[in-house]
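Source file my_file-v6.tsv; content: TSV, C-alpha atoms.
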```tsv
chain	number	residue	atom	x	y	z
S	59	MET	CA	107.58	96.35	78.10
S	60	GLU	CA	105.99	99.63	77.22
S	61	THR	CA	106.62	99.06	73.54
S	62	ALA	CA	105.07	95.60	73.77
S	63	ALA	CA	101.99	97.02	75.48
S	64	TYR	CA	101.79	99.72	72.85
S	65	ILE	CA	101.97	97.26	69.98
S	66	GLU	CA	99.32	95.09	71.58
S	67	LYS	CA	97.05	98.08	72.00
S	68	ASP	CA	97.66	99.21	68.45
S	69	ASP	CA	96.81	95.76	67.15
S	70	SER	CA	93.55	95.57	69.10
S	71	LEU	CA	92.39	98.83	67.48
S	72	ARG	CA	93.07	97.32	64.07
S	73	ARG	CA	91.29	94.09	64.99
S	74	GLY	CA	88.36	96.13	66.25
S	75	LEU	CA	88.15	98.08	63.00
S	76	THR	CA	88.07	94.80	61.08
S	77	ALA	CA	85.41	93.24	63.31
S	78	GLY	CA	83.40	96.44	62.91
S	79	LEU	CA	83.27	95.97	59.12
S	80	SER	CA	80.40	93.53	59.49
S	81	ILE	CA	78.42	96.24	61.31
S	82	ALA	CA	79.47	98.83	58.74
S	83	PHE	CA	78.06	96.51	56.09
S	84	GLY	CA	74.85	95.95	58.03
S	85	TYR	CA	74.37	99.68	58.68
S	86	MET	CA	74.72	100.59	55.02
S	87	PRO	CA	71.10	99.99	53.90
S	88	VAL	CA	69.72	101.30	57.21
S	89	ALA	CA	71.73	104.54	56.94
S	90	ILE	CA	70.94	105.00	53.24
S	91	THR	CA	67.24	104.63	54.04
S	92	PHE	CA	67.57	107.08	56.92
S	93	GLY	CA	69.21	109.67	54.66
S	94	LEU	CA	66.53	109.15	52.04
S	95	LEU	CA	63.65	109.48	54.55
S	96	ALA	CA	65.28	112.49	56.21
S	97	GLY	CA	65.28	114.23	52.85
S	98	SER	CA	61.64	113.45	52.22
S	99	THR	CA	60.72	114.52	55.77
S	100	GLY	CA	62.14	117.95	55.01
S	101	LEU	CA	65.45	117.92	56.88
S	102	THR	CA	68.41	119.60	55.21
S	103	VAL	CA	71.39	117.38	54.39
S	104	PHE	CA	73.29	119.17	57.16
S	105	GLU	CA	70.59	118.33	59.72
S	106	ALA	CA	70.40	114.69	58.64
S	107	VAL	CA	74.15	114.15	58.76
S	108	LEU	CA	74.48	116.09	62.01
S	109	MET	CA	71.86	113.85	63.59
S	110	SER	CA	73.77	110.74	62.51
S	111	MET	CA	77.04	112.27	63.74
S	112	LEU	CA	75.80	113.34	67.16
S	113	VAL	CA	73.08	110.85	68.03
S	114	PHE	CA	74.37	107.68	66.33
S	115	ALA	CA	71.30	105.59	67.19
S	116	GLY	CA	69.27	104.09	64.35
S	117	ALA	CA	65.97	103.34	66.04
S	118	ALA	CA	65.80	106.72	67.77
S	119	GLN	CA	66.65	108.59	64.58
S	120	TYR	CA	63.93	106.81	62.60
S	121	MET	CA	61.49	107.53	65.39
S	122	ALA	CA	62.47	111.21	65.37
S	123	LEU	CA	61.75	111.39	61.64
S	124	SER	CA	58.30	109.87	62.02
S	125	MET	CA	57.55	112.22	64.92
S	126	ILE	CA	58.74	115.27	62.95
S	127	ALA	CA	56.49	114.14	60.11
S	128	ILE	CA	53.40	114.13	62.35
S	129	GLY	CA	54.39	117.49	63.82
S	130	ALA	CA	55.52	116.41	67.30
S	131	GLY	CA	57.35	118.91	69.50
S	132	ALA	CA	61.13	118.90	69.99
S	133	LEU	CA	60.90	118.13	73.70
S	134	GLU	CA	58.61	115.21	73.05
S	135	ILE	CA	61.11	113.80	70.53
S	136	VAL	CA	64.01	114.19	72.97
S	137	LEU	CA	62.02	112.39	75.67
S	138	ALA	CA	61.10	109.54	73.28
S	139	THR	CA	64.79	109.25	72.34
S	140	PHE	CA	65.68	108.95	76.01
S	141	ILE	CA	63.13	106.15	76.47
S	142	VAL	CA	64.29	104.23	73.41
S	143	ASN	CA	68.01	104.54	74.17
S	144	PHE	CA	67.89	104.00	77.92
S	145	ARG	CA	68.48	100.28	77.29
S	146	HIS	CA	72.13	101.07	76.58
S	147	LEU	CA	72.60	101.64	80.29
S	148	LEU	CA	72.37	97.92	80.89
S	149	MET	CA	74.66	97.03	77.99
S	150	SER	CA	77.18	99.61	79.11
S	151	ALA	CA	77.18	98.17	82.64
S	152	SER	CA	77.83	94.74	81.18
S	153	ILE	CA	80.71	96.11	79.03
S	154	ASN	CA	82.09	97.81	82.11
S	155	GLU	CA	82.35	94.40	83.73
S	156	ARG	CA	84.16	92.92	80.70
S	157	ALA	CA	86.43	95.73	79.54
S	158	GLU	CA	90.01	95.98	80.74
S	159	PRO	CA	90.60	98.91	83.10
S	160	THR	CA	91.26	102.18	81.27
S	161	SER	CA	91.06	105.88	82.07
S	162	LYS	CA	87.66	107.51	82.42
S	163	LYS	CA	88.53	109.80	79.53
S	164	PHE	CA	89.05	106.83	77.24
S	165	ARG	CA	85.86	105.19	78.51
S	166	SER	CA	83.82	108.27	77.77
S	167	LEU	CA	85.32	108.17	74.26
S	168	PHE	CA	84.49	104.57	73.36
S	169	GLY	CA	81.23	104.75	75.31
S	170	PHE	CA	79.90	107.17	72.72
S	171	PHE	CA	79.94	104.38	70.12
S	172	LEU	CA	78.08	101.74	72.15
S	173	THR	CA	75.10	101.00	69.91
S	174	ASP	CA	73.36	97.61	70.14
S	175	GLU	CA	75.59	96.23	67.39
S	176	VAL	CA	78.89	97.63	68.70
S	177	PHE	CA	77.96	96.33	72.14
S	178	ALA	CA	77.10	92.90	70.73
S	179	VAL	CA	80.33	92.52	68.74
S	180	SER	CA	82.46	93.74	71.66
S	181	SER	CA	80.81	91.71	74.37
S	182	VAL	CA	80.97	88.22	72.87
S	183	LYS	CA	84.77	88.38	73.13
S	184	GLN	CA	86.46	86.72	76.08
S	185	PRO	CA	87.07	89.32	78.80
S	186	PRO	CA	89.10	91.40	79.42
S	187	VAL	CA	88.11	93.24	76.24
S	188	SER	CA	90.52	95.97	75.23
S	189	GLY	CA	89.13	99.50	75.09
S	190	SER	CA	90.94	100.08	71.79
S	191	TYR	CA	89.14	97.07	70.33
S	192	ILE	CA	85.75	98.53	71.28
S	193	LEU	CA	86.82	101.89	69.87
S	194	GLY	CA	87.86	100.20	66.61
S	195	VAL	CA	84.53	98.41	66.26
S	196	GLY	CA	82.73	101.67	67.02
S	197	LEU	CA	84.71	103.74	64.51
S	198	SER	CA	84.04	101.27	61.68
S	199	ALA	CA	80.33	101.28	62.43
S	200	TYR	CA	80.23	105.07	62.87
S	201	SER	CA	81.96	105.86	59.55
S	202	SER	CA	79.44	103.74	57.72
S	203	TRP	CA	76.48	105.25	59.58
S	204	VAL	CA	77.50	108.87	58.93
S	205	GLY	CA	78.85	108.30	55.42
S	206	PHE	CA	75.82	106.41	54.16
S	207	THR	CA	73.39	108.88	55.73
S	208	ALA	CA	74.85	111.50	53.39
S	209	ALA	CA	74.95	109.06	50.47
S	210	GLY	CA	71.32	108.14	51.09
S	211	TYR	CA	70.24	111.76	51.27
S	212	PHE	CA	71.57	112.48	47.80
S	213	THR	CA	71.11	109.25	45.93
S	214	GLY	CA	68.55	107.11	47.68
S	215	ALA	CA	68.35	104.02	45.57
S	216	LEU	CA	72.08	103.37	45.17
S	217	LEU	CA	71.60	99.63	45.15
S	218	PRO	CA	69.43	97.47	42.93
S	219	ALA	CA	65.98	97.08	44.50
S	220	VAL	CA	66.21	93.33	44.86
S	221	LEU	CA	69.49	93.64	46.80
S	222	GLN	CA	68.13	96.48	48.96
S	223	GLU	CA	65.18	94.35	49.91
S	224	SER	CA	67.33	91.42	50.99
S	225	MET	CA	69.63	93.68	53.02
S	226	GLY	CA	66.97	94.04	55.69
S	227	ILE	CA	68.33	90.76	56.99
S	228	ALA	CA	71.90	92.09	57.45
S	229	LEU	CA	71.73	93.13	61.12
S	230	TYR	CA	69.81	90.01	62.14
S	231	ALA	CA	72.40	87.86	60.36
S	232	LEU	CA	75.06	89.72	62.33
S	233	PHE	CA	73.34	89.06	65.66
S	234	ILE	CA	72.93	85.37	64.81
S	235	ALA	CA	76.57	85.17	63.75
S	236	LEU	CA	77.56	86.63	67.12
S	237	LEU	CA	75.45	84.15	69.05
S	238	VAL	CA	76.46	80.94	67.25
S	239	PRO	CA	80.10	80.67	68.43
S	240	SER	CA	78.95	81.11	72.05
S	241	VAL	CA	76.28	78.46	71.51
S	242	LYS	CA	78.95	76.08	70.18
S	243	GLU	CA	81.25	76.86	73.06
S	244	GLU	CA	78.92	77.01	76.06
S	245	GLY	CA	75.78	75.32	74.77
S	246	ARG	CA	72.66	75.23	76.89
S	247	PRO	CA	73.07	78.37	79.04
S	248	VAL	CA	73.51	80.59	75.95
S	249	ILE	CA	70.57	78.98	74.13
S	250	ILE	CA	68.27	79.32	77.15
S	251	LEU	CA	69.27	82.93	77.78
S	252	ALA	CA	68.78	83.89	74.13
S	253	LEU	CA	65.42	82.10	73.92
S	254	MET	CA	64.23	83.81	77.08
S	255	GLY	CA	65.48	87.21	75.85
S	256	GLY	CA	63.64	86.79	72.55
S	257	GLY	CA	60.53	85.31	74.16
S	258	PHE	CA	60.10	88.04	76.73
S	259	HIS	CA	60.81	90.73	74.13
S	260	TRP	CA	58.03	89.24	72.03
S	261	ILE	CA	55.59	89.45	74.95
S	262	TYR	CA	56.70	92.88	76.19
S	263	GLN	CA	56.67	94.58	72.78
S	264	LEU	CA	52.93	93.94	72.63
S	265	PHE	CA	52.40	96.66	75.20
S	266	MET	CA	55.73	98.52	75.56
S	267	GLU	CA	58.02	100.85	73.60
S	268	THR	CA	60.80	98.81	71.86
S	269	GLY	CA	63.64	100.21	73.97
S	270	TRP	CA	61.92	99.39	77.25
S	271	ALA	CA	60.79	96.01	75.92
S	272	ILE	CA	64.37	94.99	75.07
S	273	MET	CA	65.64	96.18	78.43
S	274	SER	CA	62.84	94.56	80.44
S	275	ALA	CA	63.19	91.32	78.47
S	276	THR	CA	66.92	91.23	79.19
S	277	ILE	CA	66.44	91.88	82.90
S	278	THR	CA	63.65	89.30	83.18
S	279	ALA	CA	65.70	86.67	81.31
S	280	VAL	CA	68.83	87.23	83.38
S	281	ILE	CA	67.00	87.21	86.72
S	282	LEU	CA	64.87	84.19	85.83
S	283	TYR	CA	67.95	82.30	84.65
S	284	GLU	CA	69.77	83.08	87.89
S	285	LEU	CA	66.79	81.90	89.98
S	286	LEU	CA	66.48	78.67	87.99
S	287	ASP	CA	70.23	78.14	88.20
S	288	VAL	CA	70.29	78.61	91.98
S	289	LYS	CA	67.36	76.24	92.37
S	290	ARG	CA	69.01	73.65	90.12
S	291	ARG	CA	72.21	73.78	92.15
S	292	LYS	CA	70.23	73.44	95.38
S	293	ASP	CA	68.38	70.41	94.03
S	294	HIS	CA	71.69	68.77	93.16
S	295	GLU	CA	72.97	69.12	96.69
E	34	MET	CA	69.55	125.74	59.69
E	35	ASN	CA	66.44	125.74	61.85
E	36	GLU	CA	67.47	126.56	65.41
E	37	THR	CA	64.82	124.39	67.11
E	38	MET	CA	66.01	121.45	65.01
E	39	LEU	CA	69.61	122.06	66.10
E	40	TRP	CA	68.67	122.05	69.79
E	41	MET	CA	66.50	119.01	69.33
E	42	ILE	CA	69.42	117.10	67.80
E	43	VAL	CA	71.73	118.22	70.61
E	44	GLY	CA	69.11	117.13	73.15
E	45	MET	CA	68.74	113.73	71.46
E	46	ALA	CA	72.53	113.36	71.54
E	47	VAL	CA	72.75	114.12	75.27
E	48	VAL	CA	70.00	111.70	76.33
E	49	THR	CA	71.61	109.00	74.18
E	50	TYR	CA	75.18	109.61	75.33
E	51	VAL	CA	74.56	109.76	79.09
E	52	PRO	CA	73.09	106.23	79.51
E	53	ARG	CA	75.89	104.88	77.30
E	54	ILE	CA	78.72	106.25	79.40
E	55	LEU	CA	77.26	106.53	82.90
E	56	PRO	CA	77.98	102.91	83.92
E	57	LEU	CA	81.50	103.19	82.46
E	58	LEU	CA	82.27	106.24	84.55
E	59	VAL	CA	80.57	105.78	87.90
E	60	LEU	CA	80.31	102.03	88.48
E	61	SER	CA	83.09	100.16	90.19
E	62	THR	CA	81.88	96.61	89.80
E	63	GLU	CA	84.85	95.06	91.66
E	64	ASN	CA	83.03	95.02	94.97
E	65	TRP	CA	79.71	93.82	93.64
E	66	PRO	CA	78.35	90.48	94.89
E	67	PRO	CA	79.14	87.47	92.66
E	68	TRP	CA	75.50	86.85	91.74
E	69	LEU	CA	75.15	90.37	90.34
E	70	ARG	CA	78.36	90.10	88.32
E	71	ARG	CA	77.24	86.70	87.08
E	72	MET	CA	73.96	88.23	85.94
E	73	LEU	CA	75.75	91.07	84.13
E	74	SER	CA	77.97	88.56	82.33
E	75	ARG	CA	74.83	86.86	80.98
E	76	VAL	CA	73.35	90.11	79.62
E	77	PRO	CA	74.94	89.78	76.14
E	78	TYR	CA	73.17	86.49	75.34
E	79	ALA	CA	69.78	87.67	76.55
E	80	VAL	CA	70.20	90.93	74.62
E	81	LEU	CA	71.17	89.09	71.43
E	82	GLY	CA	68.07	86.93	71.76
E	83	ALA	CA	65.91	90.02	72.22
E	84	LEU	CA	67.55	91.79	69.27
E	85	ILE	CA	66.94	88.82	66.96
E	86	PHE	CA	63.42	87.93	68.02
E	87	PRO	CA	60.71	88.91	67.20
E	88	GLY	CA	62.29	91.52	64.86
E	89	ILE	CA	63.46	88.93	62.36
E	90	ILE	CA	59.97	87.63	61.62
E	91	TYR	CA	58.69	91.16	61.02
E	92	ALA	CA	61.67	92.16	58.83
E	93	TYR	CA	59.73	91.36	55.66
E	94	ASP	CA	56.10	91.14	54.63
E	95	ALA	CA	56.35	87.36	54.68
E	96	ILE	CA	57.40	85.76	57.97
E	97	TRP	CA	59.04	82.75	56.31
E	98	TYR	CA	61.44	85.04	54.41
E	99	GLY	CA	63.01	86.36	57.60
E	100	LEU	CA	63.08	82.88	59.11
E	101	LEU	CA	64.80	81.56	56.00
E	102	GLY	CA	67.42	84.30	56.29
E	103	GLY	CA	67.88	83.45	59.97
E	104	ALA	CA	68.40	79.77	59.16
E	105	ALA	CA	70.90	80.65	56.42
E	106	ALA	CA	72.82	82.92	58.83
E	107	PHE	CA	72.83	80.16	61.45
E	108	PHE	CA	74.27	77.54	59.11
E	109	ILE	CA	76.93	79.82	57.64
E	110	ALA	CA	77.94	80.95	61.15
E	111	TYR	CA	78.04	77.32	62.28
E	112	THR	CA	80.82	76.58	59.79
E	113	GLY	CA	82.94	79.12	61.66
E	114	ALA	CA	82.89	81.71	58.86
E	115	PRO	CA	83.89	85.28	59.83
E	116	LEU	CA	81.11	87.79	60.68
E	117	ILE	CA	81.31	89.65	57.41
E	118	ALA	CA	80.99	86.38	55.44
E	119	VAL	CA	77.88	85.41	57.41
E	120	VAL	CA	76.24	88.79	56.72
E	121	ALA	CA	77.24	88.88	53.03
E	122	GLY	CA	76.39	85.21	52.50
E	123	THR	CA	72.92	85.57	54.00
E	124	ILE	CA	72.14	88.61	51.83
E	125	PHE	CA	73.44	86.74	48.80
E	126	ILE	CA	71.24	83.69	49.48
E	127	LEU	CA	68.10	85.77	50.08
E	128	THR	CA	68.75	87.80	46.93
E	129	GLY	CA	69.12	84.56	44.99
E	130	ILE	CA	65.83	83.19	46.33
E	131	ASN	CA	64.15	86.51	45.62
E	132	LEU	CA	65.35	86.45	42.01
E	133	LEU	CA	64.22	82.86	41.48
E	134	MET	CA	60.68	83.56	42.61
```

Starting from the file, give its structure as structure tokens.
Amino acid sequence: METAAYIEKDDSLRRGLTAGLSIAFGYMPVAITFGLLAGSTGLTVFEAVLMSMLVFAGAAQYMALSMIAIGAGALEIVLATFIVNFRHLLMSASINERAEPTSKKFRSLFGFFLTDEVFAVSSVKQPPVSGSYILGVGLSAYSSWVGFTAAGYFTGALLPAVLQESMGIALYALFIALLVPSVKEEGRPVIILALMGGGFHWIYQLFMETGWAIMSATITAVILYELLDVKRRKDHE
Amino acid sequence: MNETMLWMIVGMAVVTYVPRILPLLVLSTENWPPWLRRMLSRVPYAVLGALIFPGIIYAYDAIWYGLLGGAAAFFIAYTGAPLIAVVAGTIFILTGINLLM
């Protein structure tokens, strides 16, 4: 019994690492560009790689670079990072609902890796999602992020320009690829939720910081959907 | 290494890590009302929508280029291809179009 459980766990880590490859691929150009910009902003290679190792959050790291460039203070940058990354609270709560029960220690380990992309790949799986699977996805993504930050710092234009340009689509392609199977499986609810999420983000980003806009859009979409759903069920009665 | 920079990075790490793990450590969702759990289970789809749009139309100088990439990704994904094939295939198609023009 214990051996069987162990093997199953072991396998879910491997499956997670494989699923994470698509993120690793998508992060490559983003991390290379980060490394490149970090160098031109005046960070040492150690500082750039350390930031990728400890923070592991693309949008916040780019924002930090632009703020350093205009001479913003450290505290200001930390506060902006908090605002941009606070959205993960909601994603993490959703993962908490879907993940199989594990120790708090293990949760605080895989929780470190919960970027938008790791969250997205992990959460479209049927619950209960194994913690080892999430860890696997996270480790794949993380290795790429840290590795290509260093690569970008030293080499910059590793890839032919035409390919680099097209790679801006990588993460969006990943998100679409994650959504499509759920659309095929569950249809309307998924389409409506995604359209509302995108629509409200579009409105909110006109006057809000990206992180807050994504979070507010998600909350608005989920609440509105629930209200419409309750009303629809009442009307059917 | 610049000491202020080190502390700034550590600070950024802390404010990123705490929201990521807080719900995993302190929430016990078992006793939450069904409507709230239902809403949490719908979060992934709303988030995916928000992550795709409007970012995809601003990904390139030309709006249609991002939309074309989105359509390509959608069709490849619809065939049931694995994630990595969707990502690689979309990049491949956009690169091809880029080279032709």

Practice problem: Counting only C-alpha atoms, figure out which residue out of S:Thr139, S:Ser152, S:Gln184, S:Thr102 gets nearest to S:Gln119. | Solution: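 Using only C-alpha atoms, S:Gln119 sits closest to S:Thr139.
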
Self-check item: Nearest residue to S:Leu79 from the set S:Val195, S:Ile227, S:Leu108, S:Leu147 (distances using all atoms listed in the file)
Solution: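 Once distances to S:Leu79 are computed over all atoms listed in the file, the minimum belongs to S:Val195.
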
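Residue neighbourhood of stretch 92-104 of chain E, excluding near-sequence residues (fewer than 2 positions): Glu223, Ser224, Gly226, Ile227, Tyr230, Ala231 and Ile234 of chain S; Ile85, Gly88, Ile89, Ile90, Ala106, Phe107, Phe108, Ile109, Thr123, Ile124, Ile126 and Leu127 of chain E, at 9 Å, using only C-alpha atoms.
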
Take the residues just selected and output them with C-alpha atoms as a tab-separated table (two decimals), in the frame of the given file.
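The result, written out as result.tsv:
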```
chain	number	residue	atom	x	y	z
S	223	GLU	CA	65.18	94.35	49.91
S	224	SER	CA	67.33	91.42	50.99
S	226	GLY	CA	66.97	94.04	55.69
S	227	ILE	CA	68.33	90.76	56.99
S	230	TYR	CA	69.81	90.01	62.14
S	231	ALA	CA	72.40	87.86	60.36
S	234	ILE	CA	72.93	85.37	64.81
E	85	ILE	CA	66.94	88.82	66.96
E	88	GLY	CA	62.29	91.52	64.86
E	89	ILE	CA	63.46	88.93	62.36
E	90	ILE	CA	59.97	87.63	61.62
E	106	ALA	CA	72.82	82.92	58.83
E	107	PHE	CA	72.83	80.16	61.45
E	108	PHE	CA	74.27	77.54	59.11
E	109	ILE	CA	76.93	79.82	57.64
E	123	THR	CA	72.92	85.57	54.00
E	124	ILE	CA	72.14	88.61	51.83
E	126	ILE	CA	71.24	83.69	49.48
E	127	LEU	CA	68.10	85.77	50.08
```

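Restricting the calculation to all atoms listed in the file, the smallest distance between chain S and any of E:Tyr91, E:Pro66, E:Ala118, E:Phe86 is found for E:Phe86.
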
Quiz prompt | Option closest in space to chain E, from S:Leu197, S:Leu286, S:Leu236, S:Val107 [counting all atoms listed in the file] | solution = S:Leu236

Self-check item: d(atom CA of S:Asp174, atom CA of S:Leu133) in Å
Solution: 24.3 Å

Could you give me, as CSV, a per-residue list for chain E showing, wherever an atom lies at most 6 Å from an atom of chain S, the closest pair of atoms and their distance in Å to one decimal, using all atoms listed in the file and sorting by chain then residue number from low to high?
```
residue,atom,partner,partner_atom,distance
E:Met41,CA,S:Ala132,CA,5.4
E:Ile42,CA,S:Met109,CA,5.9
E:Gly44,CA,S:Val136,CA,5.9
E:Met45,CA,S:Val136,CA,5.0
E:Ala46,CA,S:Val113,CA,4.4
E:Val48,CA,S:Phe140,CA,5.1
E:Thr49,CA,S:Asn143,CA,5.7
E:Tyr50,CA,S:Phe170,CA,5.9
E:Pro52,CA,S:Leu147,CA,4.7
E:Arg53,CA,S:His146,CA,5.4
E:Ile54,CA,S:Gly169,CA,5.0
E:Pro56,CA,S:Ala151,CA,5.0
E:Leu57,CA,S:Asn154,CA,5.4
E:Leu58,CA,S:Lys162,CA,5.9
E:Met72,CA,S:Val280,CA,5.8
E:Leu73,CA,S:Ser152,CA,5.1
E:Tyr78,CA,S:Ala252,CA,5.2
E:Ala79,CA,S:Gly255,CA,4.4
E:Val80,CA,S:Thr276,CA,5.6
E:Gly82,CA,S:Ala252,CA,3.9
E:Ala83,CA,S:Gly256,CA,4.0
E:Ile85,CA,S:Tyr230,CA,5.7
E:Phe86,CA,S:Gly256,CA,4.7
E:Pro87,CA,S:Trp260,CA,5.5
E:Ala106,CA,S:Ala231,CA,5.2
E:Ala110,CA,S:Ala235,CA,5.1
E:Leu116,CA,S:Ser80,CA,5.9
E:Ile117,CA,S:Ser80,CA,4.5
E:Val120,CA,S:Ala231,CA,5.4
E:Ile124,CA,S:Ser224,CA,5.6
E:Leu127,CA,S:Ser224,CA,5.8
E:Thr128,CA,S:Ser224,CA,5.6
```

Quiz prompt | Atomic distance atom CA of S:Thr213 - atom CA of S:Ser198, expressed in Å with one decimal | solution = 21.9 Å

Practice problem: Can you pull out every residue within 6 Å of S:Gly210, counting all atoms listed in the file, but drop anything in the same chain fewer than 5 positions away, and send it as a count of residues only? | Solution: 3

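Between atom CA of E:Ser74 and atom CA of E:Tyr111 lies a distance of 23.0 Å.
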
Quiz item: Restricting the calculation to all atoms listed in the file, which member of S:Leu285, S:Met86, S:Tyr120, S:Arg73 is positioned closest to E:Trp68?
Solution: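 That would be S:Leu285, the residue with the smallest distance to E:Trp68.
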
Around all listed atoms of stretch 67-85 of chain E, padded 8 Å per side, what centre and edge lengths does the axis-aligned box have in Å to one decimal, as JSON?
```
{"center_x": 72.5, "center_y": 89.1, "center_z": 79.8, "size_x": 29.2, "size_y": 21.3, "size_z": 41.7}
```
